[in-house]
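Content type mmCIF, N, CA and C atoms, from the file structure.cif:
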data_query
loop_
_atom_site.label_atom_id
_atom_site.label_comp_id
_atom_site.auth_asym_id
_atom_site.auth_seq_id
_atom_site.Cartn_x
_atom_site.Cartn_y
_atom_site.Cartn_z
N ALA A 62 0.82 -1.21 0.00
CA ALA A 62 0.00 0.00 0.00
C ALA A 62 0.86 1.26 0.00
N ASP A 63 2.10 1.18 0.52
CA ASP A 63 2.95 2.38 0.60
C ASP A 63 3.83 2.56 -0.63
N GLY A 64 3.65 1.72 -1.65
CA GLY A 64 4.40 1.87 -2.89
C GLY A 64 5.71 1.12 -2.94
N ARG A 65 6.10 0.49 -1.83
CA ARG A 65 7.33 -0.29 -1.83
C ARG A 65 7.09 -1.65 -2.47
N ARG A 66 8.12 -2.15 -3.12
CA ARG A 66 8.05 -3.47 -3.76
C ARG A 66 9.18 -4.32 -3.22
N VAL A 67 8.84 -5.49 -2.71
CA VAL A 67 9.83 -6.43 -2.19
C VAL A 67 9.94 -7.57 -3.19
N THR A 68 11.19 -7.96 -3.49
CA THR A 68 11.42 -9.06 -4.41
C THR A 68 12.18 -10.17 -3.70
N TYR A 69 11.90 -11.39 -4.10
CA TYR A 69 12.55 -12.58 -3.56
C TYR A 69 12.98 -13.44 -4.74
N GLN A 70 14.25 -13.84 -4.77
CA GLN A 70 14.74 -14.68 -5.88
C GLN A 70 15.77 -15.66 -5.37
N PRO A 71 15.89 -16.84 -5.87
CA PRO A 71 14.98 -17.50 -6.82
C PRO A 71 13.85 -18.20 -6.07
N VAL A 72 12.63 -17.93 -6.47
CA VAL A 72 11.45 -18.47 -5.79
C VAL A 72 10.46 -18.99 -6.83
N ARG A 73 9.88 -20.15 -6.54
CA ARG A 73 8.74 -20.66 -7.32
C ARG A 73 7.50 -20.10 -6.62
N ALA A 74 6.89 -19.10 -7.21
CA ALA A 74 5.79 -18.36 -6.58
C ALA A 74 4.53 -19.20 -6.43
N SER A 75 3.83 -18.96 -5.32
CA SER A 75 2.51 -19.56 -5.13
C SER A 75 1.44 -18.46 -5.11
N VAL A 76 1.84 -17.23 -5.44
CA VAL A 76 0.93 -16.10 -5.59
C VAL A 76 1.13 -15.53 -6.99
N VAL A 77 0.21 -14.68 -7.42
CA VAL A 77 0.30 -14.11 -8.76
C VAL A 77 0.52 -12.59 -8.68
N LEU A 78 1.05 -12.03 -9.74
CA LEU A 78 1.31 -10.60 -9.82
C LEU A 78 0.05 -9.80 -9.51
N GLY A 79 0.15 -8.85 -8.60
CA GLY A 79 -0.96 -8.00 -8.23
C GLY A 79 -1.84 -8.53 -7.11
N GLN A 80 -1.61 -9.78 -6.71
CA GLN A 80 -2.40 -10.38 -5.65
C GLN A 80 -2.06 -9.73 -4.32
N THR A 81 -3.06 -9.41 -3.52
CA THR A 81 -2.83 -8.89 -2.17
C THR A 81 -2.42 -10.06 -1.28
N VAL A 82 -1.37 -9.86 -0.49
CA VAL A 82 -0.90 -10.91 0.42
C VAL A 82 -0.97 -10.40 1.85
N CYS A 83 -1.01 -11.35 2.78
CA CYS A 83 -1.11 -11.03 4.20
C CYS A 83 0.19 -11.41 4.90
N GLN A 84 0.46 -10.76 6.03
CA GLN A 84 1.62 -11.09 6.82
C GLN A 84 1.57 -12.56 7.21
N GLY A 85 2.68 -13.25 7.00
CA GLY A 85 2.79 -14.66 7.34
C GLY A 85 2.35 -15.60 6.24
N GLN A 86 1.79 -15.07 5.15
CA GLN A 86 1.33 -15.90 4.04
C GLN A 86 2.53 -16.46 3.28
N VAL A 87 2.44 -17.72 2.87
CA VAL A 87 3.50 -18.32 2.05
C VAL A 87 3.41 -17.73 0.65
N LEU A 88 4.53 -17.17 0.19
CA LEU A 88 4.59 -16.56 -1.14
C LEU A 88 5.09 -17.52 -2.20
N GLY A 89 5.83 -18.53 -1.75
CA GLY A 89 6.39 -19.50 -2.68
C GLY A 89 7.42 -20.36 -1.97
N ARG A 90 8.12 -21.12 -2.74
CA ARG A 90 9.17 -22.00 -2.21
C ARG A 90 10.49 -21.67 -2.88
N LEU A 91 11.57 -21.84 -2.15
CA LEU A 91 12.90 -21.57 -2.68
C LEU A 91 13.18 -22.48 -3.87
N ALA A 92 13.56 -21.89 -4.98
CA ALA A 92 13.87 -22.64 -6.19
C ALA A 92 15.36 -22.94 -6.23
N ASP A 93 15.74 -23.87 -7.06
CA ASP A 93 17.15 -24.19 -7.25
C ASP A 93 17.86 -22.96 -7.78
N SER A 94 18.94 -22.57 -7.12
CA SER A 94 19.68 -21.37 -7.52
C SER A 94 20.73 -21.67 -8.57
N GLY A 95 20.88 -22.92 -8.95
CA GLY A 95 21.87 -23.28 -9.95
C GLY A 95 23.29 -23.21 -9.43
N GLY A 96 23.44 -23.14 -8.09
CA GLY A 96 24.77 -23.14 -7.49
C GLY A 96 25.51 -21.82 -7.56
N HIS A 97 24.83 -20.74 -7.95
CA HIS A 97 25.55 -19.46 -8.10
C HIS A 97 26.07 -18.90 -6.78
N CYS A 98 25.55 -19.36 -5.65
CA CYS A 98 26.04 -18.87 -4.36
C CYS A 98 27.11 -19.79 -3.77
N GLY A 99 27.42 -20.87 -4.45
CA GLY A 99 28.50 -21.74 -4.02
C GLY A 99 28.14 -22.62 -2.83
N ALA A 100 29.14 -23.29 -2.31
CA ALA A 100 28.96 -24.26 -1.23
C ALA A 100 28.60 -23.59 0.09
N ALA A 101 28.84 -22.28 0.21
CA ALA A 101 28.56 -21.58 1.47
C ALA A 101 27.06 -21.45 1.73
N ALA A 102 26.24 -21.62 0.70
CA ALA A 102 24.79 -21.51 0.88
C ALA A 102 24.28 -22.72 1.67
N VAL A 103 23.54 -22.46 2.73
CA VAL A 103 23.02 -23.52 3.58
C VAL A 103 22.07 -24.40 2.76
N GLY A 104 22.29 -25.68 2.78
CA GLY A 104 21.43 -26.59 2.04
C GLY A 104 21.56 -26.48 0.54
N GLY A 105 22.57 -25.76 0.06
CA GLY A 105 22.78 -25.64 -1.37
C GLY A 105 21.95 -24.58 -2.05
N GLY A 106 21.18 -23.80 -1.29
CA GLY A 106 20.36 -22.75 -1.87
C GLY A 106 20.53 -21.44 -1.14
N CYS A 107 20.05 -20.39 -1.73
CA CYS A 107 20.13 -19.08 -1.08
C CYS A 107 18.94 -18.24 -1.52
N LEU A 108 18.57 -17.26 -0.75
CA LEU A 108 17.46 -16.37 -1.08
C LEU A 108 17.99 -14.95 -1.14
N HIS A 109 17.70 -14.26 -2.22
CA HIS A 109 18.07 -12.85 -2.39
C HIS A 109 16.81 -12.01 -2.20
N VAL A 110 16.89 -10.99 -1.33
CA VAL A 110 15.75 -10.13 -1.04
C VAL A 110 16.10 -8.72 -1.48
N GLY A 111 15.17 -8.08 -2.18
CA GLY A 111 15.36 -6.71 -2.63
C GLY A 111 14.19 -5.84 -2.20
N LEU A 112 14.40 -4.53 -2.12
CA LEU A 112 13.36 -3.57 -1.74
C LEU A 112 13.47 -2.35 -2.65
N ARG A 113 12.37 -1.99 -3.27
CA ARG A 113 12.37 -0.88 -4.21
C ARG A 113 11.17 0.03 -3.96
N ASP A 114 11.37 1.31 -4.17
CA ASP A 114 10.30 2.30 -4.11
C ASP A 114 10.41 3.07 -5.43
N GLY A 115 9.57 2.75 -6.39
CA GLY A 115 9.72 3.33 -7.72
C GLY A 115 11.00 2.83 -8.35
N LEU A 116 11.89 3.74 -8.71
CA LEU A 116 13.16 3.36 -9.31
C LEU A 116 14.29 3.31 -8.29
N ARG A 117 14.02 3.69 -7.05
CA ARG A 117 15.05 3.75 -6.02
C ARG A 117 15.11 2.44 -5.23
N TYR A 118 16.32 1.92 -5.05
CA TYR A 118 16.54 0.71 -4.26
C TYR A 118 16.88 1.07 -2.82
N TRP A 119 16.39 0.28 -1.89
CA TRP A 119 16.62 0.48 -0.47
C TRP A 119 17.24 -0.78 0.13
N ASP A 120 17.80 -0.65 1.31
CA ASP A 120 18.33 -1.79 2.05
C ASP A 120 17.15 -2.59 2.58
N PRO A 121 16.95 -3.82 2.11
CA PRO A 121 15.77 -4.58 2.54
C PRO A 121 15.79 -4.99 4.00
N THR A 122 16.92 -4.91 4.67
CA THR A 122 16.97 -5.30 6.08
C THR A 122 16.17 -4.35 6.97
N VAL A 123 15.81 -3.16 6.46
CA VAL A 123 14.99 -2.24 7.26
C VAL A 123 13.62 -2.85 7.55
N LEU A 124 13.20 -3.81 6.73
CA LEU A 124 11.92 -4.47 6.94
C LEU A 124 11.98 -5.54 8.02
N LEU A 125 13.20 -5.92 8.41
CA LEU A 125 13.40 -7.04 9.32
C LEU A 125 13.76 -6.64 10.74
N GLY A 126 13.80 -5.36 11.03
CA GLY A 126 14.19 -4.93 12.36
C GLY A 126 15.71 -4.95 12.50
N HIS A 127 16.22 -5.83 13.34
CA HIS A 127 17.66 -5.96 13.57
C HIS A 127 18.11 -7.36 13.17
N PRO A 128 18.22 -7.61 11.88
CA PRO A 128 18.58 -8.97 11.44
C PRO A 128 20.06 -9.27 11.63
N ALA A 129 20.36 -10.53 11.71
CA ALA A 129 21.76 -10.97 11.71
C ALA A 129 22.22 -11.02 10.26
N ILE A 130 23.27 -10.33 9.94
CA ILE A 130 23.79 -10.29 8.58
C ILE A 130 24.97 -11.25 8.48
N VAL A 131 24.95 -12.10 7.47
CA VAL A 131 26.04 -13.04 7.24
C VAL A 131 26.62 -12.74 5.87
N LEU A 132 27.90 -12.43 5.83
CA LEU A 132 28.58 -12.16 4.57
C LEU A 132 29.28 -13.42 4.10
N LYS A 133 29.07 -13.77 2.85
CA LYS A 133 29.69 -14.96 2.27
C LYS A 133 31.08 -14.58 1.78
N PRO A 134 32.11 -15.31 2.16
CA PRO A 134 33.45 -14.98 1.68
C PRO A 134 33.55 -15.17 0.17
N GLU A 135 34.34 -14.35 -0.45
CA GLU A 135 34.54 -14.43 -1.88
C GLU A 135 35.26 -15.73 -2.23
N SER A 136 34.80 -16.42 -3.24
CA SER A 136 35.41 -17.67 -3.66
C SER A 136 36.86 -17.43 -4.10
N GLY A 137 37.77 -18.25 -3.60
CA GLY A 137 39.16 -18.13 -4.00
C GLY A 137 39.92 -17.04 -3.28
N LEU A 138 39.32 -16.43 -2.27
CA LEU A 138 39.97 -15.36 -1.52
C LEU A 138 41.16 -15.92 -0.77
N ARG A 139 42.30 -15.26 -0.87
CA ARG A 139 43.52 -15.71 -0.19
C ARG A 139 43.87 -14.75 0.94
N THR A 140 44.31 -15.30 2.06
CA THR A 140 44.70 -14.46 3.19
C THR A 140 46.18 -14.46 3.38
#

If you took the structure in this file and wrote it as structure tokens, what would it be?
Amino acid sequence: ADGRRVTYQPVRASVVLGQTVCQGQVLGRLADSGGHCGAAAVGGGCLHVGLRDGLRYWDPTVLLGHPAIVLKPESGLRT
């Protein structure tokens, strides 16, 4: 209702474009990511969350309160 758009990828949606959803409603299931996040992804999959207001992108963690952020190390990084 406030014009913000939240995106989740990769997801097999169980809702359709324009459908009103409720808090706690299942939107879909995590789809196979094709391994693009590497072995560090728990269970072999990962979820990417985005937040947009018109053409402007925002930090989606503002929707989660105080989330725990986990950074994935770059593949092949040497110390």

> In Å, how far is it from atom N of Pro71 in chain A to atom N of Val110 in chain A?
Replying inline: 7.5 Å

>> Starting from the PyMOL selection byres ((chain A and resi 111-127) around 6.5), expand the selection into actual residues of this file and give them as number ranges by chain.
In response: A: 64-70, 109-110, 128-129

> Mind pulling up the distance from atom C of Gln80 in chain A to CA of Ala92 in chain A?
Replying inline: 20.6 Å

>> Please enumerate the residues selected by the PyMOL selection byres (((chain A and resi 74-77 and name CA) around 8) and name CA) when evaluated against the supplied file, formatted as a list of chain:residue names.
In response: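 With the PyMOL selection byres (((chain A and resi 74-77 and name CA) around 8) and name CA) on this model, the match is A:Val72, A:Arg73, A:Leu78, A:Gly79, A:Gln80, A:Val87, A:Leu88, A:Gly89, A:Arg90.
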
>> So the first atom is CA of Gly106 in chain A and the second is CA of Asp93 in chain A; what is the distance between them in Å, to one decimal place?
In response: 6.4 Å

Mind rebuilding range 108-132 of chain A with N, CA, C and O atoms and writing that out as a PDB file, in the frame of the given file?
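Here's the written file out_33.pdb:
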ATOM      1  N   LEU A 108      18.570 -17.260  -0.750  1.00  0.00           N
ATOM      2  CA  LEU A 108      17.460 -16.370  -1.080  1.00  0.00           C
ATOM      3  C   LEU A 108      17.990 -14.950  -1.140  1.00  0.00           C
ATOM      4  O   LEU A 108      18.657 -14.477  -0.215  1.00  0.00           O
ATOM      5  N   HIS A 109      17.700 -14.260  -2.220  1.00  0.00           N
ATOM      6  CA  HIS A 109      18.070 -12.850  -2.390  1.00  0.00           C
ATOM      7  C   HIS A 109      16.810 -12.010  -2.200  1.00  0.00           C
ATOM      8  O   HIS A 109      15.789 -12.279  -2.820  1.00  0.00           O
ATOM      9  N   VAL A 110      16.890 -10.990  -1.330  1.00  0.00           N
ATOM     10  CA  VAL A 110      15.750 -10.130  -1.040  1.00  0.00           C
ATOM     11  C   VAL A 110      16.100  -8.720  -1.480  1.00  0.00           C
ATOM     12  O   VAL A 110      17.178  -8.212  -1.201  1.00  0.00           O
ATOM     13  N   GLY A 111      15.170  -8.080  -2.180  1.00  0.00           N
ATOM     14  CA  GLY A 111      15.360  -6.710  -2.630  1.00  0.00           C
ATOM     15  C   GLY A 111      14.190  -5.840  -2.200  1.00  0.00           C
ATOM     16  O   GLY A 111      13.091  -6.337  -1.930  1.00  0.00           O
ATOM     17  N   LEU A 112      14.400  -4.530  -2.120  1.00  0.00           N
ATOM     18  CA  LEU A 112      13.360  -3.570  -1.740  1.00  0.00           C
ATOM     19  C   LEU A 112      13.470  -2.350  -2.650  1.00  0.00           C
ATOM     20  O   LEU A 112      14.556  -1.778  -2.775  1.00  0.00           O
ATOM     21  N   ARG A 113      12.370  -1.990  -3.270  1.00  0.00           N
ATOM     22  CA  ARG A 113      12.370  -0.880  -4.210  1.00  0.00           C
ATOM     23  C   ARG A 113      11.170   0.030  -3.960  1.00  0.00           C
ATOM     24  O   ARG A 113      10.093  -0.427  -3.604  1.00  0.00           O
ATOM     25  N   ASP A 114      11.370   1.310  -4.170  1.00  0.00           N
ATOM     26  CA  ASP A 114      10.300   2.300  -4.110  1.00  0.00           C
ATOM     27  C   ASP A 114      10.410   3.070  -5.430  1.00  0.00           C
ATOM     28  O   ASP A 114      11.296   3.917  -5.574  1.00  0.00           O
ATOM     29  N   GLY A 115       9.570   2.750  -6.390  1.00  0.00           N
ATOM     30  CA  GLY A 115       9.720   3.330  -7.720  1.00  0.00           C
ATOM     31  C   GLY A 115      11.000   2.830  -8.350  1.00  0.00           C
ATOM     32  O   GLY A 115      11.217   1.629  -8.442  1.00  0.00           O
ATOM     33  N   LEU A 116      11.890   3.740  -8.710  1.00  0.00           N
ATOM     34  CA  LEU A 116      13.160   3.360  -9.310  1.00  0.00           C
ATOM     35  C   LEU A 116      14.290   3.310  -8.290  1.00  0.00           C
ATOM     36  O   LEU A 116      15.415   2.964  -8.621  1.00  0.00           O
ATOM     37  N   ARG A 117      14.020   3.690  -7.050  1.00  0.00           N
ATOM     38  CA  ARG A 117      15.050   3.750  -6.020  1.00  0.00           C
ATOM     39  C   ARG A 117      15.110   2.440  -5.230  1.00  0.00           C
ATOM     40  O   ARG A 117      14.094   1.924  -4.794  1.00  0.00           O
ATOM     41  N   TYR A 118      16.320   1.920  -5.050  1.00  0.00           N
ATOM     42  CA  TYR A 118      16.540   0.710  -4.260  1.00  0.00           C
ATOM     43  C   TYR A 118      16.880   1.070  -2.820  1.00  0.00           C
ATOM     44  O   TYR A 118      17.571   2.056  -2.577  1.00  0.00           O
ATOM     45  N   TRP A 119      16.390   0.280  -1.890  1.00  0.00           N
ATOM     46  CA  TRP A 119      16.620   0.480  -0.470  1.00  0.00           C
ATOM     47  C   TRP A 119      17.240  -0.780   0.130  1.00  0.00           C
ATOM     48  O   TRP A 119      17.164  -1.857  -0.443  1.00  0.00           O
ATOM     49  N   ASP A 120      17.800  -0.650   1.310  1.00  0.00           N
ATOM     50  CA  ASP A 120      18.330  -1.790   2.050  1.00  0.00           C
ATOM     51  C   ASP A 120      17.150  -2.590   2.580  1.00  0.00           C
ATOM     52  O   ASP A 120      16.402  -2.098   3.428  1.00  0.00           O
ATOM     53  N   PRO A 121      16.950  -3.820   2.110  1.00  0.00           N
ATOM     54  CA  PRO A 121      15.770  -4.580   2.540  1.00  0.00           C
ATOM     55  C   PRO A 121      15.790  -4.990   4.000  1.00  0.00           C
ATOM     56  O   PRO A 121      14.755  -5.368   4.548  1.00  0.00           O
ATOM     57  N   THR A 122      16.920  -4.910   4.670  1.00  0.00           N
ATOM     58  CA  THR A 122      16.970  -5.300   6.080  1.00  0.00           C
ATOM     59  C   THR A 122      16.170  -4.350   6.970  1.00  0.00           C
ATOM     60  O   THR A 122      15.857  -4.712   8.097  1.00  0.00           O
ATOM     61  N   VAL A 123      15.810  -3.160   6.460  1.00  0.00           N
ATOM     62  CA  VAL A 123      14.990  -2.240   7.260  1.00  0.00           C
ATOM     63  C   VAL A 123      13.620  -2.850   7.550  1.00  0.00           C
ATOM     64  O   VAL A 123      12.962  -2.476   8.514  1.00  0.00           O
ATOM     65  N   LEU A 124      13.200  -3.810   6.730  1.00  0.00           N
ATOM     66  CA  LEU A 124      11.920  -4.470   6.940  1.00  0.00           C
ATOM     67  C   LEU A 124      11.980  -5.540   8.020  1.00  0.00           C
ATOM     68  O   LEU A 124      10.966  -6.025   8.486  1.00  0.00           O
ATOM     69  N   LEU A 125      13.200  -5.920   8.410  1.00  0.00           N
ATOM     70  CA  LEU A 125      13.400  -7.040   9.320  1.00  0.00           C
ATOM     71  C   LEU A 125      13.760  -6.640  10.740  1.00  0.00           C
ATOM     72  O   LEU A 125      14.020  -7.498  11.571  1.00  0.00           O
ATOM     73  N   GLY A 126      13.800  -5.360  11.030  1.00  0.00           N
ATOM     74  CA  GLY A 126      14.190  -4.930  12.360  1.00  0.00           C
ATOM     75  C   GLY A 126      15.710  -4.950  12.500  1.00  0.00           C
ATOM     76  O   GLY A 126      16.402  -4.225  11.840  1.00  0.00           O
ATOM     77  N   HIS A 127      16.220  -5.830  13.340  1.00  0.00           N
ATOM     78  CA  HIS A 127      17.660  -5.960  13.570  1.00  0.00           C
ATOM     79  C   HIS A 127      18.110  -7.360  13.170  1.00  0.00           C
ATOM     80  O   HIS A 127      18.357  -8.203  14.036  1.00  0.00           O
ATOM     81  N   PRO A 128      18.220  -7.610  11.880  1.00  0.00           N
ATOM     82  CA  PRO A 128      18.580  -8.970  11.440  1.00  0.00           C
ATOM     83  C   PRO A 128      20.060  -9.270  11.630  1.00  0.00           C
ATOM     84  O   PRO A 128      20.884  -8.360  11.707  1.00  0.00           O
ATOM     85  N   ALA A 129      20.360 -10.530  11.710  1.00  0.00           N
ATOM     86  CA  ALA A 129      21.760 -10.970  11.710  1.00  0.00           C
ATOM     87  C   ALA A 129      22.220 -11.020  10.260  1.00  0.00           C
ATOM     88  O   ALA A 129      21.574 -11.659   9.437  1.00  0.00           O
ATOM     89  N   ILE A 130      23.270 -10.330   9.940  1.00  0.00           N
ATOM     90  CA  ILE A 130      23.790 -10.290   8.580  1.00  0.00           C
ATOM     91  C   ILE A 130      24.970 -11.250   8.480  1.00  0.00           C
ATOM     92  O   ILE A 130      25.886 -11.208   9.299  1.00  0.00           O
ATOM     93  N   VAL A 131      24.950 -12.100   7.470  1.00  0.00           N
ATOM     94  CA  VAL A 131      26.040 -13.040   7.240  1.00  0.00           C
ATOM     95  C   VAL A 131      26.620 -12.740   5.870  1.00  0.00           C
ATOM     96  O   VAL A 131      25.914 -12.771   4.871  1.00  0.00           O
ATOM     97  N   LEU A 132      27.900 -12.430   5.830  1.00  0.00           N
ATOM     98  CA  LEU A 132      28.580 -12.160   4.570  1.00  0.00           C
ATOM     99  C   LEU A 132      29.280 -13.420   4.100  1.00  0.00           C
ATOM    100  O   LEU A 132      29.995 -14.063   4.863  1.00  0.00           O
TER     101      LEU A 132
END
